[in-house]
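One structure below.
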Amino acid sequence: MADSQPQAQNWNAFVEQWNEQFLEALEDNMEAQARFVESWSETVGELSEDSEMSDGVEGYARAYETWMNASQQMVERVNDQFEGEDVDVEEFRDIWLNTANEAFKDVMSTTAFAKMTGETVGDVLELQQEADEASQETLRSLGFATEDDVVEVGDRLVELERRQHAVEEKLDRVLEHLEDEQ
């Protein structure tokens, strides 16, 4: 009986430590969510003042609401666990994963996000084009064949093969005609 008391104290200490760590993690997560929403709000604020901004702010507000609902679910499930209900740890993971998916859908479905993504892709493609042109020019100045040069040579070879094939067909017809006359 004396052994069971230290085990119970160890278990209680373990559960208390786990609960403290969980609540700290929950608090950290909520702070990270708030920073995320603030960051996106600042980004949207840098866009335009028209309906895009309004749509963007609404999307970010929906995402924030989604995160807050998840936080409420987490608190409820932790309370359920404290009250003795058997709550699977995977349920907590699923709440956050599903919430992340929903929040990102809320954000990514906005015209502001589409505009930012389009501008970013456009900028990246423009930079890639400039880098390609610079590398082509560098290769050309060093006397190396560039991609354009290789493509041109390839096109010429294909054209030569096509012409050679046409000449061979004509030659075969001429030879056939000469054999028929003999």
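Naming scheme: A, B, ... for chains in displayed order of the structure tokens; residues 1 onward per chain; ligands 1 onward as shown.
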Name all residues at most 8 Å from stretch 87-103 of chain A (count only C-alpha atoms; drop same-chain ones fewer than 5 positions away) and give them as a compact mmCIF listing (two decimals) with N, CA, C and O atoms, in the first residue's frame.
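Generated file (result26.txt):
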```
# COMPACT_ATOMS: atom_id res chain seq x y z
N ARG A 62 -12.13 35.05 -41.73
CA ARG A 62 -12.68 33.69 -41.68
C ARG A 62 -11.61 32.71 -41.20
O ARG A 62 -11.89 31.81 -40.40
N ALA A 63 -10.37 32.90 -41.67
CA ALA A 63 -9.29 32.01 -41.24
C ALA A 63 -9.03 32.17 -39.74
O ALA A 63 -8.85 31.18 -39.03
N TYR A 64 -9.05 33.40 -39.26
CA TYR A 64 -8.84 33.65 -37.83
C TYR A 64 -9.96 33.00 -37.02
O TYR A 64 -9.71 32.36 -35.99
N THR A 66 -11.71 30.45 -37.89
CA THR A 66 -11.49 29.00 -37.95
C THR A 66 -10.48 28.57 -36.90
O THR A 66 -10.68 27.58 -36.19
N TRP A 67 -9.38 29.33 -36.76
CA TRP A 67 -8.37 29.01 -35.75
C TRP A 67 -8.94 29.16 -34.33
O TRP A 67 -8.65 28.33 -33.46
N ALA A 70 -11.03 26.22 -33.50
CA ALA A 70 -10.18 25.06 -33.20
C ALA A 70 -9.63 25.17 -31.78
O ALA A 70 -9.58 24.18 -31.05
N GLN A 73 -12.32 24.14 -29.51
CA GLN A 73 -12.47 22.68 -29.52
C GLN A 73 -11.38 22.02 -28.67
O GLN A 73 -11.66 21.07 -27.94
N MET A 74 -10.16 22.54 -28.79
CA MET A 74 -9.06 21.97 -28.02
C MET A 74 -9.31 22.13 -26.52
O MET A 74 -9.11 21.18 -25.75
N ARG A 77 -11.97 19.67 -25.45
CA ARG A 77 -11.48 18.28 -25.39
C ARG A 77 -10.53 18.09 -24.21
O ARG A 77 -10.53 17.03 -23.58
N ASP A 80 -12.73 17.78 -21.31
CA ASP A 80 -13.31 16.43 -21.32
C ASP A 80 -12.33 15.42 -20.77
O ASP A 80 -12.70 14.52 -20.01
N GLN A 81 -11.07 15.57 -21.14
CA GLN A 81 -10.05 14.65 -20.65
C GLN A 81 -9.86 14.80 -19.14
O GLN A 81 -9.71 13.81 -18.42
```
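Rounded to one decimal, atom CA of A:Thr117 and atom CA of A:Gln129 lie 18.2 Å from each other.
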Quiz prompt | Using only C-alpha atoms: which of A:Asp148, A:Glu83, A:Asp123, A:Glu161 has the shortest distance to A:Ser135 | solution = A:Asp148
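Distances from A:Asn12, A:Trp18, A:Met108, A:Met116 to A:Gly59 were compared using only C-alpha atoms, and the smallest one belongs to A:Met108.
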Practice problem: For atom CA of A:Glu65 and atom CA of A:Lys105, determine how far apart the two atoms are, in Å to one decimal place. | Solution: 12.7 Å
